[in-house]
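Structure file upload10.cif (mmCIF, C-alpha atoms) follows.
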```cif
data_coords
#
loop_
_atom_site.label_atom_id
_atom_site.label_comp_id
_atom_site.auth_asym_id
_atom_site.auth_seq_id
_atom_site.Cartn_x
_atom_site.Cartn_y
_atom_site.Cartn_z
CA MET H 20 -23.21 60.75 -60.60
CA SER H 21 -23.27 64.20 -62.11
CA PRO H 22 -25.52 67.06 -60.97
CA TYR H 23 -29.02 67.03 -62.47
CA ARG H 24 -31.95 69.23 -63.47
CA VAL H 25 -34.54 69.37 -60.68
CA ARG H 26 -37.42 69.43 -63.17
CA ASP H 27 -36.43 65.96 -64.38
CA TYR H 28 -37.11 64.57 -60.90
CA LYS H 29 -40.30 66.39 -59.93
CA ILE H 30 -42.28 63.34 -60.99
CA PHE H 31 -41.10 61.73 -57.75
CA LEU H 32 -42.93 64.44 -55.78
CA ASN H 33 -46.20 63.51 -57.50
CA ASN H 34 -47.98 61.53 -54.79
CA ARG H 35 -50.57 60.07 -57.15
CA TYR H 36 -47.83 58.78 -59.44
CA ILE H 37 -46.09 56.99 -56.54
CA GLN H 38 -49.41 55.64 -55.25
CA ASN H 39 -50.30 54.21 -58.67
CA LEU H 40 -46.82 52.68 -58.97
CA VAL H 41 -47.16 50.95 -55.59
CA ASN H 42 -50.62 49.65 -56.47
CA ARG H 43 -49.38 48.19 -59.77
CA HIS H 44 -46.61 46.25 -58.02
CA ILE H 45 -48.09 45.78 -54.55
CA LYS H 46 -48.17 41.97 -54.56
CA ARG H 47 -44.45 41.85 -55.26
CA ILE H 48 -43.15 44.74 -53.18
CA PHE H 49 -45.59 44.57 -50.25
CA PRO H 50 -46.89 40.98 -49.95
CA GLY H 51 -49.99 40.64 -47.78
CA PHE H 52 -51.41 44.04 -48.70
CA ILE H 53 -53.98 44.64 -51.43
CA LYS H 54 -53.75 48.39 -52.02
CA CYS H 55 -52.01 51.65 -51.25
CA THR H 56 -54.56 54.19 -50.02
CA GLN H 57 -52.39 57.26 -49.52
CA VAL H 58 -48.96 58.72 -50.22
CA THR H 59 -47.49 61.96 -48.91
CA SER H 60 -44.00 63.21 -49.74
CA LYS H 61 -41.45 65.80 -48.74
CA HIS H 62 -38.35 66.85 -50.64
CA TYR H 63 -35.22 67.53 -48.56
CA LYS H 64 -32.49 69.80 -49.87
CA VAL H 65 -29.06 68.48 -48.90
CA LEU H 66 -25.46 69.55 -49.50
CA ALA H 67 -24.67 66.83 -52.03
CA ALA H 68 -25.20 68.24 -55.52
CA THR H 69 -26.04 64.79 -56.89
CA SER H 70 -28.77 64.02 -54.33
CA PHE H 71 -32.56 64.32 -54.72
CA LEU H 72 -33.80 63.07 -51.36
CA VAL H 73 -37.52 62.45 -50.86
CA ARG H 74 -39.23 60.96 -47.81
CA TYR H 75 -42.61 59.31 -48.27
CA GLU H 76 -45.36 58.33 -45.85
CA ILE H 77 -47.25 55.41 -47.41
CA THR H 78 -50.47 53.87 -46.13
CA LEU H 79 -51.11 50.22 -47.07
CA GLU H 80 -54.28 48.19 -46.52
CA THR H 81 -55.02 44.45 -46.13
CA LYS H 82 -58.14 42.50 -47.16
CA THR H 83 -59.53 42.89 -43.65
CA GLY H 84 -59.16 46.66 -43.75
CA TYR H 85 -56.13 46.83 -41.46
CA GLN H 86 -53.98 49.84 -42.35
CA HIS H 87 -50.22 49.99 -42.01
CA HIS H 88 -48.19 53.21 -42.21
CA LEU H 89 -44.73 52.91 -43.72
CA GLU H 90 -41.86 55.34 -44.24
CA VAL H 91 -40.02 55.11 -47.55
CA ARG H 92 -37.02 57.04 -48.84
CA GLY H 93 -36.24 57.94 -52.41
CA ASN H 94 -32.95 59.20 -53.81
CA ARG H 95 -30.76 59.16 -56.87
CA LEU H 96 -28.54 56.09 -57.07
CA ASN H 97 -26.32 54.95 -59.92
CA ARG H 98 -26.99 51.50 -61.35
CA ARG H 99 -23.85 49.79 -60.14
CA SER H 100 -24.37 50.99 -56.57
CA TYR H 101 -27.99 49.83 -56.77
CA LYS H 102 -26.86 46.32 -57.72
CA ILE H 103 -24.50 46.25 -54.72
CA LEU H 104 -27.28 47.46 -52.42
CA GLN H 105 -29.53 44.68 -53.74
CA ARG H 106 -26.87 42.09 -52.95
CA LEU H 107 -26.27 43.52 -49.49
CA TRP H 108 -29.98 43.26 -48.75
CA GLN H 109 -30.20 39.71 -50.10
CA THR H 110 -27.18 38.69 -48.01
CA HIS H 111 -28.41 40.21 -44.76
CA LYS H 112 -32.20 40.39 -44.90
CA PHE H 113 -32.93 37.41 -42.64
CA LYS H 114 -30.26 38.04 -40.01
CA LYS H 115 -29.15 41.66 -39.79
CA TYR H 116 -30.77 45.07 -39.80
CA TYR H 117 -27.86 46.93 -41.38
CA TYR H 118 -29.14 47.70 -44.89
CA PRO H 119 -32.56 48.93 -46.10
CA ARG H 120 -34.78 46.90 -48.43
CA PRO H 121 -34.80 48.26 -51.99
CA ILE H 122 -38.43 48.53 -53.11
CA TYR H 123 -38.30 49.81 -56.67
CA TYR H 124 -35.66 51.15 -59.06
CA PHE H 125 -36.10 53.54 -61.99
CA PRO H 126 -33.12 52.78 -64.27
CA LYS H 127 -33.61 55.69 -66.68
CA LYS H 128 -33.76 58.23 -63.87
CA GLN H 129 -31.36 56.25 -61.67
CA PHE H 130 -33.68 56.74 -58.71
CA VAL H 131 -34.41 54.20 -55.98
CA LEU H 132 -37.21 53.74 -53.46
CA TYR H 133 -36.23 51.87 -50.31
CA GLU H 134 -37.74 51.19 -46.90
CA ASN H 135 -36.73 53.68 -44.26
CA PHE H 136 -35.22 52.53 -40.99
CA SER H 137 -37.06 53.18 -37.75
CA GLY H 138 -35.06 55.65 -35.70
CA GLN H 139 -33.27 58.94 -36.21
CA VAL H 140 -30.23 60.18 -38.09
CA TYR H 141 -27.25 59.65 -35.78
CA ARG H 142 -25.91 63.16 -36.33
CA SER H 143 -29.24 64.66 -35.21
CA TRP H 144 -29.71 62.57 -32.07
CA PRO H 145 -30.84 65.12 -29.45
CA ASP H 146 -29.17 63.74 -26.32
CA LYS H 147 -25.48 63.80 -27.25
CA ASN H 148 -23.33 62.91 -24.26
CA PHE H 149 -20.35 60.73 -23.45
CA ASN H 150 -22.45 57.71 -22.41
CA PHE H 151 -24.43 57.86 -25.66
CA TYR H 152 -21.29 57.77 -27.80
CA ASN H 153 -19.61 55.22 -25.55
CA LYS H 154 -22.56 52.86 -26.03
CA THR H 155 -23.22 53.39 -29.75
CA LEU H 156 -19.76 53.69 -31.32
CA PRO H 157 -18.98 49.95 -30.88
CA LEU H 158 -22.26 49.16 -32.69
CA ILE H 159 -21.30 51.42 -35.58
CA ALA H 160 -17.82 49.87 -35.73
CA LEU H 161 -19.40 46.41 -35.92
CA ARG H 162 -21.65 47.46 -38.82
CA LEU H 163 -18.73 48.96 -40.69
CA ALA H 164 -16.58 45.87 -40.16
CA ASP H 165 -19.44 43.78 -41.54
CA LEU H 166 -19.61 45.92 -44.68
CA HIS H 167 -15.85 45.71 -45.23
CA THR H 168 -15.78 41.92 -44.82
CA THR H 169 -18.87 41.20 -46.94
CA LYS H 170 -17.97 39.13 -49.99
CA ILE H 171 -19.77 40.67 -52.97
CA ALA H 172 -18.57 40.56 -56.56
CA SER H 173 -18.60 43.95 -58.27
CA ASP H 174 -16.51 45.89 -60.76
CA LYS H 175 -17.26 49.20 -59.01
CA ILE H 176 -13.77 50.12 -57.86
CA ILE H 177 -12.61 53.59 -56.84
CA THR H 178 -9.58 53.99 -59.08
CA LEU H 179 -6.31 55.65 -58.19
CA ASN H 180 -6.83 58.36 -60.81
CA GLU H 181 -10.34 59.11 -59.54
CA LYS H 182 -9.12 59.64 -56.00
CA ILE H 183 -6.13 61.76 -57.03
CA HIS H 184 -8.43 63.93 -59.16
CA TRP H 185 -10.74 64.25 -56.13
CA ILE H 186 -7.87 65.40 -53.89
CA ASP H 187 -6.67 67.92 -56.49
CA ASP H 188 -10.19 69.32 -56.78
CA LYS H 189 -10.41 69.88 -53.01
CA LEU H 190 -6.98 71.50 -53.02
CA ARG H 191 -8.01 73.94 -55.77
CA LYS H 192 -11.00 75.05 -53.70
CA ILE H 193 -8.83 75.65 -50.64
CA LYS H 194 -6.27 77.59 -52.70
CA ARG H 195 -8.94 79.76 -54.30
CA HIS H 196 -11.09 80.54 -51.28
CA ASN H 197 -8.88 80.03 -48.20
CA PHE H 198 -5.26 80.57 -49.16
CA ALA H 199 -4.07 80.76 -45.54
CA TYR H 200 -4.67 77.00 -45.28
CA TYR H 201 -3.21 76.16 -48.67
CA GLU H 202 0.50 75.50 -47.94
CA VAL H 203 -0.06 72.87 -45.24
CA SER H 204 -2.99 71.40 -47.21
CA GLN H 205 -0.83 71.05 -50.32
CA GLN H 206 1.95 69.31 -48.37
CA ALA H 207 -0.56 66.87 -46.88
CA ALA H 208 -2.17 66.27 -50.29
CA GLU H 209 1.18 65.36 -51.86
CA LYS H 210 1.89 62.83 -49.10
CA ILE H 211 -1.60 61.33 -49.44
CA LYS H 212 -1.14 60.92 -53.18
CA LYS H 213 2.28 59.32 -52.71
CA PHE H 214 0.82 56.90 -50.18
CA LEU H 215 -1.98 55.95 -52.58
CA LYS H 216 0.46 55.38 -55.44
CA LEU H 217 2.69 53.19 -53.25
CA HIS H 218 -0.06 51.06 -51.71
CA TYR H 219 -2.90 51.00 -54.23
CA ALA H 220 -3.55 47.33 -55.04
CA LYS H 221 -6.73 45.29 -55.34
CA SER H 222 -5.60 43.09 -52.47
CA HIS H 223 -5.78 46.14 -50.16
CA LEU H 224 -9.33 47.08 -51.17
CA SER H 225 -12.67 46.10 -49.63
CA LEU H 226 -16.28 47.03 -50.24
CA CYS H 227 -16.59 50.51 -48.72
CA HIS H 228 -19.33 53.06 -48.19
CA ASN H 229 -17.04 55.96 -49.18
CA ASP H 230 -19.18 58.56 -47.38
CA PHE H 231 -19.38 56.93 -43.97
CA GLN H 232 -20.40 59.60 -41.48
CA ALA H 233 -23.01 60.34 -38.82
CA SER H 234 -25.44 61.81 -41.38
CA ASN H 235 -25.63 58.45 -43.17
CA ILE H 236 -26.35 56.34 -40.09
CA ILE H 237 -29.75 55.70 -38.52
CA TYR H 238 -29.89 54.96 -34.80
CA ASN H 239 -32.82 53.10 -33.26
CA PRO H 240 -32.56 52.89 -29.45
CA HIS H 241 -34.93 49.91 -29.38
CA GLY H 242 -32.56 46.99 -29.71
CA PRO H 243 -30.47 49.10 -30.06
CA GLU H 244 -29.89 48.98 -33.82
CA ILE H 245 -27.75 50.82 -36.35
CA GLY H 246 -28.70 51.15 -40.02
CA ILE H 247 -26.67 52.52 -42.93
CA ILE H 248 -28.10 54.75 -45.70
CA ASP H 249 -26.98 56.75 -48.78
CA PHE H 250 -25.21 54.28 -51.06
CA GLU H 251 -24.30 56.43 -54.07
CA LEU H 252 -20.53 56.08 -53.54
CA LEU H 253 -20.48 52.36 -52.69
CA GLY H 254 -17.44 50.69 -54.20
CA PHE H 255 -14.14 48.97 -53.50
CA PHE H 256 -11.51 51.14 -51.81
CA PHE H 257 -9.26 51.27 -48.73
CA PRO H 258 -11.28 50.38 -45.58
CA ALA H 259 -9.26 52.95 -43.63
CA ALA H 260 -10.98 55.67 -45.66
CA ASP H 261 -14.36 54.87 -44.07
CA LEU H 262 -12.95 54.72 -40.54
CA ALA H 263 -10.99 57.94 -40.92
CA ASN H 264 -13.91 59.81 -42.42
CA PHE H 265 -16.26 58.75 -39.63
CA ASN H 266 -13.75 59.69 -36.93
CA ILE H 267 -12.98 63.11 -38.41
CA GLN H 268 -16.64 63.87 -39.14
CA LEU H 269 -17.41 62.87 -35.55
CA LEU H 270 -15.42 65.92 -34.42
CA THR H 271 -17.89 68.18 -36.24
CA VAL H 272 -20.82 66.37 -34.59
CA ILE H 273 -19.56 66.48 -31.01
CA LYS H 274 -18.43 70.11 -31.42
CA ASP H 275 -17.65 71.53 -27.97
CA SER H 276 -19.93 69.22 -25.97
CA LEU H 277 -17.06 67.08 -24.65
CA PRO H 278 -13.48 67.85 -23.55
CA PRO H 279 -10.70 66.89 -26.01
CA LYS H 280 -9.48 63.94 -23.89
CA LYS H 281 -12.91 62.31 -23.97
CA ILE H 282 -13.23 62.86 -27.71
CA ILE H 283 -9.86 61.17 -28.26
CA HIS H 284 -10.98 58.31 -26.01
CA LEU H 285 -14.13 57.82 -28.12
CA GLN H 286 -12.23 57.93 -31.40
CA LYS H 287 -9.77 55.31 -30.13
CA LYS H 288 -12.63 53.16 -28.87
CA PHE H 289 -14.27 53.26 -32.31
CA ILE H 290 -11.05 52.11 -34.00
CA ARG H 291 -10.41 49.46 -31.34
CA SER H 292 -13.97 48.10 -31.67
CA TYR H 293 -13.54 47.87 -35.43
CA LYS H 294 -10.23 46.02 -35.11
CA ASN H 295 -11.87 43.47 -32.82
CA ASN H 296 -14.19 42.49 -35.68
CA VAL H 297 -11.64 42.10 -38.50
CA GLY H 298 -8.53 39.98 -39.01
CA ARG H 299 -4.95 40.80 -38.05
CA GLN H 300 -3.89 41.49 -41.63
CA ARG H 301 -6.56 44.15 -42.02
CA THR H 302 -5.53 45.63 -38.68
CA ARG H 303 -1.90 46.05 -39.80
CA GLN H 304 -2.97 47.66 -43.09
CA LEU H 305 -5.35 49.93 -41.22
CA GLU H 306 -2.72 51.27 -38.82
CA ASN H 307 -0.46 52.18 -41.73
CA ALA H 308 -3.17 53.87 -43.80
CA LEU H 309 -5.29 55.64 -41.19
CA PRO H 310 -3.28 58.91 -40.80
CA TYR H 311 -3.34 59.52 -44.57
CA PHE H 312 -7.08 59.06 -44.83
CA GLU H 313 -7.63 61.24 -41.77
CA ALA H 314 -5.68 63.93 -43.63
CA LYS H 315 -7.79 63.36 -46.74
CA SER H 316 -11.03 63.68 -44.75
CA ILE H 317 -9.80 66.93 -43.22
CA LEU H 318 -9.05 68.29 -46.70
CA ASP H 319 -12.56 67.29 -47.81
CA ILE H 320 -14.17 69.16 -44.90
CA LEU H 321 -11.92 72.21 -45.24
CA ALA H 322 -12.87 72.50 -48.91
CA LEU H 323 -16.57 71.98 -48.16
CA TYR H 324 -16.72 74.51 -45.32
CA THR H 325 -14.68 77.03 -47.31
CA VAL H 326 -17.29 77.01 -50.07
CA GLN H 327 -20.19 76.91 -47.58
CA ILE H 328 -19.01 80.10 -45.88
CA LEU H 329 -19.21 81.99 -49.18
CA GLY H 330 -22.98 81.56 -49.32
CA GLU H 331 -23.73 81.60 -45.59
CA THR H 332 -25.59 84.63 -44.21
CA GLU H 333 -26.08 83.51 -40.61
CA LYS H 334 -23.17 84.90 -38.60
CA THR H 335 -23.44 82.27 -35.85
CA HIS H 336 -23.04 79.46 -38.39
CA VAL H 337 -20.13 81.24 -40.07
CA ARG H 338 -18.36 81.46 -36.70
CA TYR H 339 -19.00 77.77 -36.08
CA LEU H 340 -17.63 76.81 -39.51
CA LYS H 341 -14.52 78.93 -39.07
CA LYS H 342 -13.86 77.49 -35.60
CA ALA H 343 -14.33 73.93 -36.87
CA MET H 344 -11.96 74.63 -39.77
CA ALA H 345 -9.31 76.02 -37.41
CA GLN H 346 -9.54 72.91 -35.20
CA LEU H 347 -9.28 70.57 -38.19
CA TYR H 348 -6.41 72.57 -39.67
CA GLY H 349 -4.55 72.25 -36.35
CA ARG H 350 -5.06 68.50 -36.44
CA LEU H 351 -3.85 68.35 -40.04
CA LYS H 352 -0.59 70.10 -39.12
CA ASN H 353 0.02 67.62 -36.29
CA LEU H 354 -0.62 64.41 -38.25
CA ASN H 355 2.46 62.24 -38.66
CA LEU H 356 2.49 61.41 -42.37
CA THR H 357 5.72 59.42 -42.65
CA LEU H 358 5.63 57.24 -45.73
CA THR H 359 6.42 53.54 -45.17
#
```
Written as structure tokens, how would this file's structure read?
Amino acid sequence: MSPYRVRDYKIFLNNRYIQNLVNRHIKRIFPGFIKCTQVTSKHYKVLAATSFLVRYEITLETKTGYQHHLEVRGNRLNRRSYKILQRLWQTHKFKKYYYPRPIYYFPKKQFVLYENFSGQVYRSWPDKNFNFYNKTLPLIALRLADLHTTKIASDKIITLNEKIHWIDDKLRKIKRHNFAYYEVSQQAAEKIKKFLKLHYAKSHLSLCHNDFQASNIIYNPHGPEIGIIDFELLGFFFPAADLANFNIQLLTVIKDSLPPKKIIHLQKKFIRSYKNNVGRQRTRQLENALPYFEAKSILDILALYTVQILGETEKTHVRYLKKAMAQLYGRLKNLNLTLT
């Protein structure tokens, strides 16, 4: 989706409008309740230029006067991704917690309301330590394997040209704003594009999240349970792209809280747990593709942080971004991108 005008979406911050909408459709979207008595909302500004994230607190009431408080999210979502999300919910609603229930869709605005998961964003979990990651990473790997093996018909495919254009765009940003990283980044980008051209085939593609990272995962320690959010980029692509992106983004989450050996152990455990939940053929394809998509994820983050630094005024955050970029750049130089 393209960027948007904020004024076109301010209607979704009108609490009375949302309350009236819920009351008109309450029998269908919230069976057992007779009215919505209150709605509060808060708009969250996020990095994604296409996102308009709103969190709602909704109060529902039954005939007996019992009140239930519910958290609902709202965000922009293109129509094809919405249809996939609907199918994911229909497929899993009676057996698995993985995907949120879509409540209402506004096709003209391409905006969706869906039930929020109980829990907290994985990236923001306060008690980050080795035991926490050691316990939760296998759960996340299981959820991702489930997504990749789900059989859903859709024509939403990430094309070869789209992905090459995406890589070129990231490379331009690095060249313009951080030329010291450009030569190695360009060499990696060329190898990634060659790999994609050699191996791009529908038989290698699965349903993917395409922005799978700690910010788009909800962790609920009661269970424990893992939920996935933010479905704008849903579509068929290489499964290795989701695994690589999560593993590389995990480095920016853990920061300096664990020694390098333990971080490597956790990353390997995540990949190993994923492999245990998919077939041998997928495992072979994954091993071949993973280094290239790790390189692509590093390019994505380098480009993002490079632009972020330009508008950042807090010196502490600038130092963190520069340190993270240097670590990722070092990893990029050491990746073995030998085409096979």
Handout entry: Shell around Val297 (chain H) at 9 Å using only C-alpha atoms, local window under 3 positions removed, as a list of chain:residue names
Key =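 Counting only the stated atoms, we get H:Ala164, H:Asp165, H:His167, H:Thr168, H:Tyr293, H:Lys294, H:Gln300, H:Arg301, H:Thr302.
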Next, dump the selected residues to file, keeping only C-alpha atoms, as a PDB file, keeping the file's coordinate frame.
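Output below, filename selection.pdb:
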```pdb
ATOM      1  CA  ALA H 164     -16.580  45.870 -40.160  1.00  0.00           C
ATOM      2  CA  ASP H 165     -19.440  43.780 -41.540  1.00  0.00           C
ATOM      3  CA  HIS H 167     -15.850  45.710 -45.230  1.00  0.00           C
ATOM      4  CA  THR H 168     -15.780  41.920 -44.820  1.00  0.00           C
ATOM      5  CA  TYR H 293     -13.540  47.870 -35.430  1.00  0.00           C
ATOM      6  CA  LYS H 294     -10.230  46.020 -35.110  1.00  0.00           C
ATOM      7  CA  GLN H 300      -3.890  41.490 -41.630  1.00  0.00           C
ATOM      8  CA  ARG H 301      -6.560  44.150 -42.020  1.00  0.00           C
ATOM      9  CA  THR H 302      -5.530  45.630 -38.680  1.00  0.00           C
TER      10      THR H 302
END
```
Problem - Shell around region 264-273 of chain H at 8 Å using all atoms listed in the file, local window under 2 positions removed, as a ChimeraX atom specification - result: /H:142,147,230-233,260-262,275-277,282,286,289,312-313,316-317,343
Problem - Picked residues, the PyMOL selection byres ((chain H and resi 321) around 8), as a ChimeraX atom specification - result: /H:193,317-320,322-325,344,347-348
Same residues, C-alpha atoms, saved as a CSV table (one decimal), keeping the file's coordinate frame:
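Wrote again37.csv, looks like this:
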```csv
chain,number,residue,atom,x,y,z
H,193,ILE,CA,-8.8,75.6,-50.6
H,317,ILE,CA,-9.8,66.9,-43.2
H,318,LEU,CA,-9.0,68.3,-46.7
H,319,ASP,CA,-12.6,67.3,-47.8
H,320,ILE,CA,-14.2,69.2,-44.9
H,322,ALA,CA,-12.9,72.5,-48.9
H,323,LEU,CA,-16.6,72.0,-48.2
H,324,TYR,CA,-16.7,74.5,-45.3
H,325,THR,CA,-14.7,77.0,-47.3
H,344,MET,CA,-12.0,74.6,-39.8
H,347,LEU,CA,-9.3,70.6,-38.2
H,348,TYR,CA,-6.4,72.6,-39.7
```
Practice task
Would you kindly translate the PyMOL selection byres ((chain H and resi 176) around 12) into the concrete residues it picks from this file, as a ChimeraX atom specification?
Solution key: /H:99-100,103,172-175,177-182,219-221,223-229,252-257
Handout entry: Using all atoms listed in the file: which of H:Leu156, H:Leu79, H:Cys55, H:Leu72 has the shortest distance to Lys288 (chain H)
Key =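 Going through H:Leu156, H:Leu79, H:Cys55, H:Leu72 one by one, the smallest distance to Lys288 (chain H) is for H:Leu156.
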Exercise for the section: Using only C-alpha atoms, find the one residue out of H:Ile53, H:Leu329, H:Leu32, H:Leu351 that sits nearest to His196 (chain H). Expected result: H:Leu329
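Rounded to one decimal, CA of His62 (chain H) and CA of Lys192 (chain H) lie 28.7 Å from each other.
Considering the residues H:Ile245, H:Ile171, H:Ile186, H:Thr83 and counting only C-alpha atoms, Pro119 (chain H) has its shortest atom-to-atom contact with H:Ile245.
Across the model, the gap from CA of Tyr101 (chain H) to CA of Trp144 (chain H) is 27.8 Å.
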Which residues match the PyMOL selection byres ((chain H and resi 40) around 12) in the file above, as an mmCIF file with C-alpha atoms, in the coordinates of the input?
```cif
data_model
loop_
_atom_site.group_PDB
_atom_site.id
_atom_site.type_symbol
_atom_site.label_atom_id
_atom_site.label_comp_id
_atom_site.auth_asym_id
_atom_site.auth_seq_id
_atom_site.Cartn_x
_atom_site.Cartn_y
_atom_site.Cartn_z
ATOM 1 C CA ILE H 30 -42.280 63.340 -60.990
ATOM 2 C CA PHE H 31 -41.100 61.730 -57.750
ATOM 3 C CA ASN H 33 -46.200 63.510 -57.500
ATOM 4 C CA ASN H 34 -47.980 61.530 -54.790
ATOM 5 C CA ARG H 35 -50.570 60.070 -57.150
ATOM 6 C CA TYR H 36 -47.830 58.780 -59.440
ATOM 7 C CA ILE H 37 -46.090 56.990 -56.540
ATOM 8 C CA GLN H 38 -49.410 55.640 -55.250
ATOM 9 C CA ASN H 39 -50.300 54.210 -58.670
ATOM 10 C CA VAL H 41 -47.160 50.950 -55.590
ATOM 11 C CA ASN H 42 -50.620 49.650 -56.470
ATOM 12 C CA ARG H 43 -49.380 48.190 -59.770
ATOM 13 C CA HIS H 44 -46.610 46.250 -58.020
ATOM 14 C CA ILE H 45 -48.090 45.780 -54.550
ATOM 15 C CA LYS H 46 -48.170 41.970 -54.560
ATOM 16 C CA ARG H 47 -44.450 41.850 -55.260
ATOM 17 C CA ILE H 48 -43.150 44.740 -53.180
ATOM 18 C CA PHE H 49 -45.590 44.570 -50.250
ATOM 19 C CA LYS H 54 -53.750 48.390 -52.020
ATOM 20 C CA CYS H 55 -52.010 51.650 -51.250
ATOM 21 C CA THR H 56 -54.560 54.190 -50.020
ATOM 22 C CA GLN H 57 -52.390 57.260 -49.520
ATOM 23 C CA VAL H 58 -48.960 58.720 -50.220
ATOM 24 C CA ILE H 77 -47.250 55.410 -47.410
ATOM 25 C CA ILE H 122 -38.430 48.530 -53.110
ATOM 26 C CA TYR H 123 -38.300 49.810 -56.670
ATOM 27 C CA TYR H 124 -35.660 51.150 -59.060
ATOM 28 C CA PHE H 125 -36.100 53.540 -61.990
ATOM 29 C CA LEU H 132 -37.210 53.740 -53.460
#
```
Handout entry: Cut-off 8 Å around (-28.5, 62.3, -37.2) with all atoms listed in the file: residues as a list of chain:residue names
Key = H:Gln139, H:Val140, H:Tyr141, H:Arg142, H:Ser143, H:Trp144, H:Ala233, H:Ser234, H:Asn235, H:Ile236, H:Ile237, H:Tyr238
Report the centre and edge lengths, in Å to one decimal, of an axis-aligned box enclosing every atom of region 157-175 of chain H listed in the file, padded by 6 Å on each side, as lines of an AutoDock Vina configuration file.
```
center_x = -19.0
center_y = 45.3
center_z = -45.8
size_x = 18.5
size_y = 24.3
size_z = 41.9
```
